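Undergrad: Dropping in query04.cif, which is mmCIF, C-alpha atoms:
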data_model
loop_
_atom_site.label_atom_id
_atom_site.label_comp_id
_atom_site.auth_asym_id
_atom_site.auth_seq_id
_atom_site.Cartn_x
_atom_site.Cartn_y
_atom_site.Cartn_z
CA MET A 18 100.70 106.58 102.98
CA LYS A 19 101.03 110.19 101.95
CA THR A 20 100.33 110.80 98.26
CA GLN A 21 102.81 113.01 96.43
CA SER A 22 101.54 115.94 94.42
CA THR A 23 102.06 115.94 90.67
CA LYS A 24 104.56 118.78 91.00
CA THR A 25 106.53 116.95 93.65
CA ILE A 26 106.68 113.84 91.48
CA HIS A 27 107.72 115.96 88.48
CA ASP A 28 110.52 117.62 90.48
CA THR A 29 111.73 114.32 91.95
CA VAL A 30 111.84 112.71 88.52
CA GLU A 31 113.66 115.76 87.14
CA GLY A 32 116.52 115.05 89.55
CA LEU A 33 116.65 111.36 88.65
CA LEU A 34 116.66 111.67 84.86
CA PRO A 35 120.46 111.60 84.27
CA TRP A 36 120.72 108.37 86.23
CA TYR A 37 117.70 106.91 84.47
CA VAL A 38 119.68 107.47 81.28
CA ASN A 39 122.93 105.99 82.62
CA GLY A 40 121.07 103.00 84.06
CA THR A 41 122.16 103.22 87.68
CA LEU A 42 118.76 103.78 89.33
CA SER A 43 117.28 101.07 91.52
CA ALA A 44 114.36 99.09 90.09
CA ASP A 45 111.90 101.05 92.27
CA GLU A 46 113.31 104.39 91.13
CA ARG A 47 113.24 103.30 87.51
CA ASN A 48 109.59 102.29 87.77
CA TYR A 49 108.81 105.58 89.48
CA VAL A 50 110.42 107.52 86.65
CA GLU A 51 108.77 105.45 83.93
CA GLU A 52 105.31 105.86 85.43
CA HIS A 53 105.76 109.61 85.31
CA LEU A 54 107.36 109.68 81.86
CA SER A 55 104.38 108.08 80.19
CA GLY A 56 102.36 111.24 80.83
CA CYS A 57 105.03 113.96 80.80
CA ASP A 58 106.03 115.36 77.42
CA SER A 59 108.66 117.74 78.79
CA HIS A 60 110.54 114.94 80.52
CA GLN A 61 110.39 112.80 77.41
CA VAL A 62 112.14 115.65 75.62
CA ALA A 63 114.61 115.89 78.50
CA ILE A 64 115.38 112.18 78.21
CA ARG A 65 116.17 112.61 74.51
CA GLU A 66 118.47 115.53 75.29
CA LEU A 67 120.24 113.60 78.02
CA ARG A 68 120.72 110.61 75.72
CA GLN A 69 122.31 112.90 73.14
CA ILE A 70 124.61 114.33 75.80
CA ALA A 71 125.49 110.84 77.03
CA ALA A 72 126.24 109.63 73.51
CA ALA A 73 128.50 112.60 72.82
CA VAL A 74 130.35 112.25 76.12
CA GLN A 75 130.69 108.49 75.78
CA GLU A 76 132.40 108.62 72.42
CA GLU A 77 135.62 106.82 73.03
CA THR A 78 138.98 108.42 72.84
CA PRO A 79 140.77 106.72 69.95
CA THR A 80 142.55 103.73 71.43
CA PRO A 81 146.11 104.69 70.39
CA LEU A 82 145.84 107.79 72.56
CA VAL A 83 145.50 105.73 75.73
CA THR A 84 149.01 105.17 76.98
CA GLU A 85 149.90 101.81 78.42
CA PRO A 86 150.44 101.70 82.19
CA ASP A 87 154.12 102.26 82.87
CA VAL A 88 154.94 100.34 86.03
CA GLU A 89 158.60 101.28 85.84
CA ARG A 90 157.73 104.95 85.91
CA LEU A 91 155.32 104.38 88.78
CA ASN A 92 158.07 102.72 90.75
CA ALA A 93 160.45 105.58 89.98
CA LEU A 94 157.81 107.96 91.28
CA LEU A 95 157.46 105.95 94.49
CA ASP A 96 161.25 105.86 94.92
CA ALA A 97 161.44 109.63 94.52
CA ASP A 98 158.61 110.05 97.00
CA ALA A 99 160.28 107.74 99.52
CA SER A 100 163.52 109.65 99.14
CA THR A 101 161.80 112.99 99.73
CA ARG A 102 159.97 111.69 102.76
CA SER A 103 163.03 110.06 104.27
CA ARG A 104 164.89 113.34 104.02
CA ARG A 105 162.27 114.92 106.25
CA THR A 106 162.00 112.08 108.71
CA PRO A 107 164.94 112.99 110.94
CA LEU A 108 163.17 116.18 111.93
CA TYR A 109 160.50 114.21 113.63
CA LEU A 110 162.72 111.61 115.21
CA ALA A 111 165.37 111.80 117.86
CA ALA A 112 167.91 113.72 115.87
CA ALA A 113 170.05 114.77 118.76
CA ALA A 114 172.30 111.73 118.56
CA LEU A 115 173.04 112.38 114.92
CA THR A 116 173.82 115.99 115.67
CA ALA A 117 176.25 114.99 118.35
CA ALA A 118 177.94 112.59 116.00
CA LEU A 119 178.16 115.23 113.33
CA PHE A 120 179.79 117.78 115.47
CA ALA A 121 182.13 115.27 117.02
CA GLY A 122 183.75 115.09 113.64
CA LEU A 123 182.06 111.96 112.42
CA LEU A 124 180.91 113.58 109.25
CA ALA A 125 181.64 110.69 106.97
CA LEU A 126 178.36 109.05 107.73
CA GLY A 127 177.65 108.03 104.19
CA ASP A 128 176.21 109.72 101.21
CA PHE A 129 172.64 110.57 100.39
CA SER A 130 170.81 107.29 100.22
CA ASP A 131 169.84 107.84 96.58
CA ARG A 132 173.26 109.06 95.43
CA GLN A 133 175.54 106.12 95.93
CA ALA A 134 178.11 107.22 93.37
CA ALA A 135 179.16 110.33 95.31
CA PRO A 136 181.98 110.18 97.86
CA ALA A 137 180.98 109.92 101.51
CA VAL A 138 182.86 113.00 102.65
CA PHE A 139 181.27 116.30 103.50
CA GLU A 140 182.56 119.62 104.58
CA THR A 141 181.14 121.68 107.37
CA ALA A 142 180.54 125.11 106.00
CA THR A 143 179.94 126.80 109.31
CA ALA A 144 181.87 126.36 112.50
CA PRO A 145 180.02 124.25 115.06
CA ASP A 146 178.65 126.59 117.69
CA ALA A 147 176.57 126.34 120.80
CA GLY A 148 173.41 126.16 118.78
CA THR A 149 169.95 127.17 119.73
CA LEU A 150 166.57 125.54 119.76
CA THR A 151 165.96 126.85 116.29
CA ASP A 152 169.01 125.68 114.41
CA TYR A 153 168.72 122.82 111.99
CA VAL A 154 171.62 120.93 110.50
CA VAL A 155 171.28 120.66 106.77
CA ARG A 156 173.47 119.04 104.14
CA ILE A 157 173.45 120.89 100.86
CA GLU A 158 174.87 119.68 97.57
CA PHE A 159 175.59 122.27 94.91
CA ALA A 160 175.86 121.55 91.22
CA ALA A 161 179.46 121.35 90.01
CA ASN A 162 179.25 124.42 87.81
CA VAL A 163 178.20 126.86 90.52
CA ALA A 164 180.90 129.42 91.21
CA ALA A 165 182.22 129.96 94.73
CA ASP A 166 180.81 133.47 95.09
CA GLU A 167 177.44 132.25 93.89
CA ARG A 168 177.48 129.48 96.49
CA GLN A 169 178.28 132.00 99.19
CA SER A 170 175.50 134.23 97.99
CA ILE A 171 172.98 131.36 98.10
CA LEU A 172 174.10 130.31 101.57
CA LYS A 173 173.80 133.85 102.85
CA SER A 174 170.38 134.23 101.25
CA ILE A 175 169.05 131.37 103.35
CA GLY A 176 170.47 132.71 106.55
CA VAL A 177 173.77 130.84 106.90
CA ARG A 178 176.15 133.04 108.83
CA ASP A 179 179.84 133.20 107.93
CA ALA A 180 179.76 130.30 105.54
CA ALA A 181 183.19 128.91 104.85
CA GLU A 182 184.25 128.06 101.32
CA LEU A 183 183.20 124.64 100.09
CA SER A 184 185.25 122.65 97.67
CA GLY A 185 184.68 119.51 95.70
CA SER A 186 185.67 117.79 92.54
CA THR A 187 182.31 116.96 91.01
CA ALA A 188 179.54 118.52 93.02
CA VAL A 189 180.08 120.65 96.09
CA ARG A 190 178.70 119.41 99.35
CA GLY A 191 178.60 120.89 102.76
CA VAL A 192 176.88 120.81 106.12
CA VAL A 193 175.43 124.06 107.38
CA SER A 194 173.38 125.18 110.35
CA LEU A 195 170.17 126.86 109.32
CA PRO A 196 168.24 129.08 111.68
CA ALA A 197 164.50 128.49 111.47
CA ALA A 198 161.69 129.14 113.90
CA SER A 199 159.77 125.99 113.07
CA VAL A 200 159.75 122.89 110.94
CA ALA A 201 157.34 124.62 108.57
CA GLU A 202 159.70 127.55 108.18
CA LEU A 203 162.63 125.21 107.64
CA GLU A 204 160.71 123.29 104.99
CA ALA A 205 159.86 126.56 103.27
CA VAL A 206 163.55 127.50 103.17
CA THR A 207 164.82 124.09 102.10
CA GLY A 208 161.99 123.71 99.57
CA GLY A 209 162.92 127.10 98.15
CA ILE A 210 166.56 126.30 97.65
CA GLU A 211 165.88 122.75 96.47
CA ALA A 212 163.90 124.25 93.60
CA ARG A 213 166.96 126.19 92.41
CA ASN A 214 168.98 124.84 89.52
CA GLU A 215 172.21 125.40 91.43
CA ILE A 216 171.19 122.97 94.18
CA VAL A 217 171.38 119.25 93.52
CA ALA A 218 170.03 118.05 96.86
CA VAL A 219 169.11 119.23 100.32
CA GLU A 220 168.97 116.88 103.25
CA VAL A 221 167.92 117.81 106.75
CA LEU A 222 170.16 115.89 109.10
CA ALA A 223 169.18 116.94 112.55
CA VAL A 224 167.85 119.51 114.93
CA GLN A 225 170.67 121.17 116.78
CA LEU A 226 169.87 120.99 120.46
CA PRO A 227 170.44 123.97 122.72
CA VAL A 228 173.40 123.99 125.04
CA HIS A 229 171.52 126.12 127.53
CA THR A 230 167.96 125.12 128.12
CA GLU A 231 167.17 127.76 130.74
CA ARG A 232 166.10 131.15 129.52
CA MET B 2 160.35 84.38 98.90
CA GLN B 3 157.66 87.04 99.12
CA ALA B 4 156.59 88.14 102.58
CA ASP B 5 153.26 86.80 103.86
CA ASN B 6 151.70 90.22 103.89
CA THR B 7 152.24 90.70 100.17
CA ALA B 8 149.02 90.62 98.19
CA ASP B 9 148.61 88.03 95.48
CA THR B 10 148.46 90.31 92.47
CA ARG B 11 149.22 87.80 89.78
CA ARG B 12 145.63 87.41 88.69
CA GLU B 13 144.84 89.04 85.37
CA GLY B 14 141.73 91.04 84.56
CA PRO B 15 139.33 93.10 86.67
CA HIS B 16 139.37 92.60 90.43
CA THR B 17 136.29 91.84 92.49
CA VAL B 18 135.20 94.18 95.28
CA SER B 19 136.79 91.96 97.94
CA ASP B 20 139.97 91.66 95.85
CA GLU B 21 140.18 95.43 95.70
CA HIS B 22 139.72 95.80 99.44
CA GLU B 23 142.50 93.28 99.97
CA LEU B 24 144.70 95.19 97.57
CA MET B 25 144.02 98.44 99.42
CA ALA B 26 144.92 96.78 102.72
CA ALA B 27 148.16 95.60 101.14
CA VAL B 28 148.90 99.05 99.71
CA ALA B 29 148.37 100.45 103.22
CA ARG B 30 151.17 98.08 104.27
CA GLN B 31 153.25 99.67 101.49
CA ASP B 32 153.13 96.63 99.24
CA ARG B 33 154.22 97.87 95.83
CA ARG B 34 152.91 94.86 93.97
CA ALA B 35 149.43 95.60 95.26
CA LEU B 36 149.72 99.20 94.07
CA GLU B 37 150.90 97.96 90.69
CA ALA B 38 147.83 95.75 90.46
CA LEU B 39 145.54 98.68 91.23
CA TYR B 40 147.48 100.82 88.76
CA ARG B 41 147.05 98.28 85.99
CA GLY B 42 143.38 97.81 86.85
CA TYR B 43 142.54 101.50 86.92
CA TYR B 44 144.94 103.03 84.44
CA THR B 45 142.69 103.08 81.39
CA ARG B 46 139.60 104.27 83.28
CA LEU B 47 141.52 107.01 85.07
CA PHE B 48 143.37 108.06 81.94
CA ARG B 49 140.19 108.32 79.88
CA PHE B 50 138.43 110.21 82.63
CA ALA B 51 141.30 112.68 82.98
CA PHE B 52 141.71 113.00 79.23
CA ARG B 53 137.99 113.63 78.78
CA MET B 54 138.27 116.43 81.30
CA THR B 55 141.52 118.03 80.16
CA HIS B 56 141.88 117.07 76.48
CA SER B 57 145.59 116.85 77.14
CA HIS B 58 147.43 113.57 76.79
CA GLY B 59 150.31 114.71 78.99
CA THR B 60 148.11 116.20 81.68
CA ALA B 61 145.92 113.10 81.80
CA ASP B 62 149.03 110.98 82.26
CA GLU B 63 150.28 113.24 85.05
CA ILE B 64 146.91 113.09 86.77
CA VAL B 65 146.94 109.28 86.75
CA ASN B 66 150.42 109.28 88.30
CA ASP B 67 149.40 111.85 90.90
CA VAL B 68 146.34 109.76 91.76
CA MET B 69 148.40 106.61 92.23
CA LEU B 70 150.92 108.45 94.36
CA ALA B 71 148.08 109.78 96.51
CA VAL B 72 146.68 106.25 96.80
CA TRP B 73 150.10 105.05 97.91
CA ARG B 74 150.44 107.77 100.51
CA SER B 75 146.94 107.68 101.93
CA ALA B 76 145.83 104.05 101.58
CA LYS B 77 145.87 103.81 105.38
CA SER B 78 143.06 106.34 105.53
CA PHE B 79 140.79 104.15 103.40
CA ARG B 80 138.35 102.67 105.87
CA GLY B 81 136.58 100.33 103.48
CA SER B 82 133.14 101.86 103.94
CA SER B 83 132.94 102.76 100.25
CA LYS B 84 133.94 101.05 97.06
CA VAL B 85 137.61 101.33 96.22
CA SER B 86 136.66 102.72 92.81
CA THR B 87 134.65 105.52 94.41
CA TRP B 88 137.55 106.38 96.69
CA ILE B 89 140.08 106.38 93.85
CA PHE B 90 137.84 108.45 91.58
CA GLY B 91 137.37 110.87 94.46
CA ILE B 92 141.13 111.44 94.39
CA ALA B 93 141.05 111.71 90.59
CA TYR B 94 138.22 114.22 90.84
CA ARG B 95 140.18 116.46 93.20
CA GLN B 96 143.38 116.17 91.18
CA THR B 97 141.52 117.02 87.98
CA LEU B 98 139.67 119.91 89.57
CA LYS B 99 143.00 121.24 90.80
CA ARG B 100 144.46 121.07 87.29
CA LEU B 101 141.41 122.66 85.74
CA SER B 102 141.55 125.52 88.19
CA LYS B 103 145.09 126.33 87.08
CA LYS B 104 144.98 129.08 84.52
CA SER B 105 147.93 127.57 82.73
CA LEU B 106 145.85 124.64 81.54
CA ALA B 107 144.23 125.75 78.36
CA ILE B 108 141.73 123.49 76.71
CA ALA B 109 143.91 122.56 73.79
CA PRO B 110 142.87 119.28 72.23
CA ASP B 111 145.82 117.23 71.07
CA PHE B 112 143.65 114.97 68.96
CA ASP B 113 141.41 115.54 65.99
CA PRO B 114 137.72 115.26 66.97
CA ASP B 115 137.01 114.03 63.46
CA ASP B 116 138.93 110.86 64.29
CA VAL B 117 136.53 109.66 66.96
CA PRO B 118 133.95 107.05 65.99
CA ALA B 119 130.33 108.13 65.59
CA ALA B 120 127.76 107.70 68.34
CA GLU B 121 124.11 106.86 67.85
CA ASP B 122 121.06 109.10 68.37
CA ALA B 123 122.70 112.42 67.49
CA SER B 124 124.09 113.88 64.32
CA PRO B 125 127.88 114.23 64.17
CA GLU B 126 127.44 117.99 64.12
CA ASP B 127 125.24 117.92 67.21
CA ARG B 128 127.72 115.73 69.03
CA ASP B 129 130.50 118.17 68.24
CA TRP B 130 128.40 121.00 69.60
CA ILE B 131 127.57 119.01 72.72
CA ARG B 132 131.21 118.16 73.36
CA HIS B 133 132.12 121.80 72.84
CA GLY B 134 129.32 122.72 75.24
CA VAL B 135 130.54 120.25 77.88
CA ASP B 136 133.99 121.81 77.66
CA THR B 137 132.59 125.24 78.36
CA LEU B 138 130.63 124.17 81.45
CA PRO B 139 131.90 125.25 84.87
CA ALA B 140 134.37 122.63 86.14
CA ALA B 141 132.02 121.18 88.78
CA GLN B 142 129.22 120.69 86.24
CA LYS B 143 131.58 119.29 83.65
CA LEU B 144 132.98 116.79 86.14
CA ALA B 145 129.47 115.76 87.14
CA VAL B 146 128.51 115.16 83.50
CA VAL B 147 131.64 113.10 82.89
CA LEU B 148 131.23 111.07 86.08
CA VAL B 149 127.60 110.31 85.22
CA PHE B 150 127.79 109.65 81.50
CA TYR B 151 131.39 108.65 80.94
CA VAL B 152 132.30 106.82 84.14
CA GLY B 153 128.69 105.72 84.71
CA MET B 154 128.37 106.50 88.40
CA SER B 155 125.17 106.51 90.44
CA TYR B 156 124.13 109.75 92.10
CA GLU B 157 125.26 108.43 95.47
CA GLU B 158 128.69 107.66 94.06
CA VAL B 159 129.02 111.07 92.42
CA ALA B 160 128.01 112.69 95.71
CA GLU B 161 130.68 110.70 97.54
CA VAL B 162 133.38 111.34 94.96
CA THR B 163 132.69 115.06 94.84
CA ASP B 164 132.04 115.30 98.58
CA CYS B 165 128.73 117.05 97.97
CA PRO B 166 125.13 116.40 99.02
CA VAL B 167 123.11 114.38 96.51
CA ASN B 168 120.86 117.38 95.87
CA THR B 169 123.88 119.47 94.86
CA VAL B 170 124.88 116.81 92.36
CA LYS B 171 121.35 116.72 90.94
CA THR B 172 121.29 120.51 90.70
CA ARG B 173 124.62 120.54 88.84
CA MET B 174 123.31 118.01 86.35
CA PHE B 175 120.12 120.02 85.91
CA HIS B 176 122.02 123.22 85.15
CA ALA B 177 124.44 121.37 82.89
CA ARG B 178 121.55 119.99 80.84
CA LYS B 179 119.94 123.41 80.57
CA LYS B 180 123.20 124.96 79.34
CA LEU B 181 123.84 122.18 76.86
CA LYS B 182 120.31 122.50 75.58
CA GLY B 183 121.05 126.18 74.98
CA VAL B 184 124.22 125.25 73.11
CA LEU B 185 122.27 122.91 70.83
CA GLU B 186 119.60 125.53 70.22
CA ASP B 187 122.27 128.10 69.35
CA SER B 188 123.87 125.65 66.96
CA ALA B 189 120.55 125.14 65.19
CA SER B 190 119.90 128.85 64.71
#
How would this structure read if it were set down as structure tokens?

TA:
Amino acid sequence: MKTQSTKTIHDTVEGLLPWYVNGTLSADERNYVEEHLSGCDSHQVAIRELRQIAAAVQEETPTPLVTEPDVERLNALLDADASTRSRRTPLYLAAAALTAALFAGLLALGDFSDRQAAPAVFETATAPDAGTLTDYVVRIEFAANVAADERQSILKSIGVRDAAELSGSTAVRGVVSLPAASVAELEAVTGGIEARNEIVAVEVLAVQLPVHTER
Amino acid sequence: MQADNTADTRREGPHTVSDEHELMAAVARQDRRALEALYRGYYTRLFRFAFRMTHSHGTADEIVNDVMLAVWRSAKSFRGSSKVSTWIFGIAYRQTLKRLSKKSLAIAPDFDPDDVPAAEDASPEDRDWIRHGVDTLPAAQKLAVVLVFYVGMSYEEVAEVTDCPVNTVKTRMFHARKKLKGVLEDSAS
């Protein structure tokens, strides 16, 4: 068996010292370190330093500072996450059927799943058109205090062409067609408007299929 | 009646390794009760780890929630080759590193260091200097020190959590010790 040089042993032990102090070395490693320590003053000093560091780091946070686990809040977080993810799901599924239903006038499909108090009626802000491969159908809900011209301005800023006026008693809801080159681009646009105070919710309903598939 | 694939999470106290693997399998099936059990089991450890790193009560709380949400979303990717605790602390490590890298997070203790109980083997003044020194370490070194001395991880576990070679972990600890030694020497002069 190859014998290790003193320097090699010293360097190997150097790397193991923190775990010698925290007690997670194997029995063989611990013996290896202890054999070396008995004749190495510098590592004995290092052990003392590491024990001081460990003691300082291990000092407990005062108990009252540790909040109790809040399962209710965790569940609210999971609900919010599920809601966010479900809003994106239709993009990846067969959304064509939903689009067809939408533009056939069956707009009263129900409200946002997490907003049961709102009426299940939506307005179409843009006239249904032939559509292209890159149009997405999006339902937008504005906060009630957003003025009409401000709503128009927001719709135009995200690329909605010729948006019709939306009306509503509490919040203002409408379905629009959004041009976007890709899902990522769409998510960037919807994420951007969702972050605005004027927008209560954004839901992607469908991908609008092209009428003409030949180019 | 609860579905058959729902984990039995009624047991109190720490979970065994096999319990935790079962819980993870249940979380992968989107069983909320299993996630709740993991949450209850890990909350204090994760909170203290995050608090030790950020010194912010609110940020530590947010990190724990972010970790549990990440566990919920990615439980399917847990293959069971490592301990559940190592996997969860790996997520906590990345979340904490992300927070620490944000300039907006200033190290602003929201507790009085004088309130903490005394430790052995070092004077209170030295311990204060050491804690101050740990806070000034680069994030990777600070996290290594906390994972080793506060969480009590082996070098293999730290390497797995931080996704680094073992030698990198050892080097970080070496440099951290050298810097903290310098801090103590400065405090004495």

Undergrad: Nearest to Val152 (chain B): which of B:Val72, B:Leu47, B:Ala140, B:Val184 is it, counting only C-alpha atoms?

TA: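 Of B:Val72, B:Leu47, B:Ala140, B:Val184, the one nearest Val152 (chain B), counting only C-alpha atoms, is B:Leu47.
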
Undergrad: Which residues of chain A come within 6 Å of chain B, and what is each one's closest atom pair and distance in Å (one decimal), counting all atoms listed in the file, sorted by chain and residue number, as a Markdown table?

TA:
| residue | atom | partner | partner_atom | distance |
| --- | --- | --- | --- | --- |
| A:Gly32 | CA | B:Lys171 | CA | 5.3 |
| A:Thr41 | CA | B:Ser155 | CA | 5.2 |
| A:Gln69 | CA | B:Ala123 | CA | 5.7 |
| A:Ala71 | CA | B:Phe150 | CA | 5.2 |
| A:Ala72 | CA | B:Ala120 | CA | 5.7 |
| A:Ala73 | CA | B:Arg128 | CA | 5.0 |
| A:Gln75 | CA | B:Tyr151 | CA | 5.2 |
| A:Pro79 | CA | B:Val117 | CA | 6.0 |

Undergrad: Take the residues just selected and output them with C-alpha atoms as a compact mmCIF listing (two decimals), in the coordinates of the input.

TA:
# COMPACT_ATOMS: atom_id res chain seq x y z
CA GLY A 32 116.52 115.05 89.55
CA THR A 41 122.16 103.22 87.68
CA GLN A 69 122.31 112.90 73.14
CA ALA A 71 125.49 110.84 77.03
CA ALA A 72 126.24 109.63 73.51
CA ALA A 73 128.50 112.60 72.82
CA GLN A 75 130.69 108.49 75.78
CA PRO A 79 140.77 106.72 69.95

Undergrad: Can you list what the PyMOL selection byres ((chain B and resi 77) around 9) grabs from this structure, as a list in words?

TA: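 Applying the PyMOL selection byres ((chain B and resi 77) around 9) to the structure shown produces Met25, Ala26, Val28, Ala29, Arg30, Val72, Trp73, Arg74, Ser75, Ala76, Ser78, Phe79 and Arg80 of chain B.
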
Undergrad: Output the selection as a PDB file, in the frame of the given file - C-alpha atoms for each residue.

TA:
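In the end it all went to again_9.pdb:
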ATOM      1  CA  MET B  25     144.020  98.440  99.420  1.00  0.00           C
ATOM      2  CA  ALA B  26     144.920  96.780 102.720  1.00  0.00           C
ATOM      3  CA  VAL B  28     148.900  99.050  99.710  1.00  0.00           C
ATOM      4  CA  ALA B  29     148.370 100.450 103.220  1.00  0.00           C
ATOM      5  CA  ARG B  30     151.170  98.080 104.270  1.00  0.00           C
ATOM      6  CA  VAL B  72     146.680 106.250  96.800  1.00  0.00           C
ATOM      7  CA  TRP B  73     150.100 105.050  97.910  1.00  0.00           C
ATOM      8  CA  ARG B  74     150.440 107.770 100.510  1.00  0.00           C
ATOM      9  CA  SER B  75     146.940 107.680 101.930  1.00  0.00           C
ATOM     10  CA  ALA B  76     145.830 104.050 101.580  1.00  0.00           C
ATOM     11  CA  SER B  78     143.060 106.340 105.530  1.00  0.00           C
ATOM     12  CA  PHE B  79     140.790 104.150 103.400  1.00  0.00           C
ATOM     13  CA  ARG B  80     138.350 102.670 105.870  1.00  0.00           C
TER      14      ARG B  80
END

Undergrad: What is the CA of Gln96 (chain B) to CA of Ala71 (chain B) distance in Å?

TA: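 These two atoms are separated by 9.6 Å.
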
Undergrad: Evaluate the PyMOL selection byres ((chain A and resi 28) around 12) here and jot the selected residues down as a PyMOL selection string.

TA: (chain A and resi 21-27+29-34+50+53+57+59-60) or (chain B and resi 168+171-172+175)

Undergrad: As an exercise, work out the distance from CA of Val159 (chain B) to CA of Leu67 (chain A) in Å and give it to one decimal place.

TA: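 Between these atoms lies a distance of 17.1 Å.
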
Undergrad: Every residue with an atom at most 9 Å from (136.4, 124.7, 80.7) (file coordinates; all atoms listed in the file) is what I'm after, so could you write them as a PDB file with C-alpha atoms, in the frame of the given file?

TA:
ATOM      1  CA  MET B  54     138.270 116.430  81.300  1.00  0.00           C
ATOM      2  CA  THR B  55     141.520 118.030  80.160  1.00  0.00           C
ATOM      3  CA  LEU B 101     141.410 122.660  85.740  1.00  0.00           C
ATOM      4  CA  ALA B 107     144.230 125.750  78.360  1.00  0.00           C
ATOM      5  CA  ILE B 108     141.730 123.490  76.710  1.00  0.00           C
ATOM      6  CA  VAL B 135     130.540 120.250  77.880  1.00  0.00           C
ATOM      7  CA  ASP B 136     133.990 121.810  77.660  1.00  0.00           C
ATOM      8  CA  THR B 137     132.590 125.240  78.360  1.00  0.00           C
ATOM      9  CA  LEU B 138     130.630 124.170  81.450  1.00  0.00           C
ATOM     10  CA  PRO B 139     131.900 125.250  84.870  1.00  0.00           C
ATOM     11  CA  ALA B 140     134.370 122.630  86.140  1.00  0.00           C
ATOM     12  CA  LYS B 143     131.580 119.290  83.650  1.00  0.00           C
TER      13      LYS B 143
END

Undergrad: Would you work out the distance separating CA of Arg156 (chain A) from CA of Val206 (chain A), expressed in Å to one decimal?

TA: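 CA of Arg156 (chain A) sits 13.1 Å away from CA of Val206 (chain A).
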
Undergrad: With 3 Å of padding per side, what axis-aligned box (centre and edge lengths, Å, one decimal) covers all the listed atoms of region 163-180 of chain A? Give it as lines of an AutoDock Vina configuration file.

TA:
center_x = 175.6
center_y = 130.5
center_z = 99.7
size_x = 19.2
size_y = 13.4
size_z = 24.3

Undergrad: Would you please work out which residue, of A:Gly209, A:Pro35, A:Pro86, A:Gly176, is nearest to Arg68 (chain A) when using only C-alpha atoms?

TA: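 Nearest to Arg68 (chain A): A:Pro35.
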
Undergrad: Please write as a VMD selection string the list of polymer residues whose atoms come within 8 Å of (168.0, 122.4, 103.3), counting all atoms listed in the file and keeping to the coordinates of the file.

TA: chain A and resid 155 to 157 195 203 to 204 206 to 208 210 to 211 219 to 221

Undergrad: Choose the residue, out of A:Leu54, A:Val163, A:Glu66, A:Trp36, that has the smallest atom-to-atom separation from Glu186 (chain B); count all atoms listed in the file.

TA: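 Closest candidate: A:Glu66.
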
Undergrad: Would you kindly return, as an NGL selection string, each protein, DNA or RNA residue with an atom no farther than 9 Å from any atom of Trp88 (chain B), considering only C-alpha atoms and excluding same-chain residues fewer than 5 positions away?

TA: :B and (79 or 83 or 93 or 161-162)
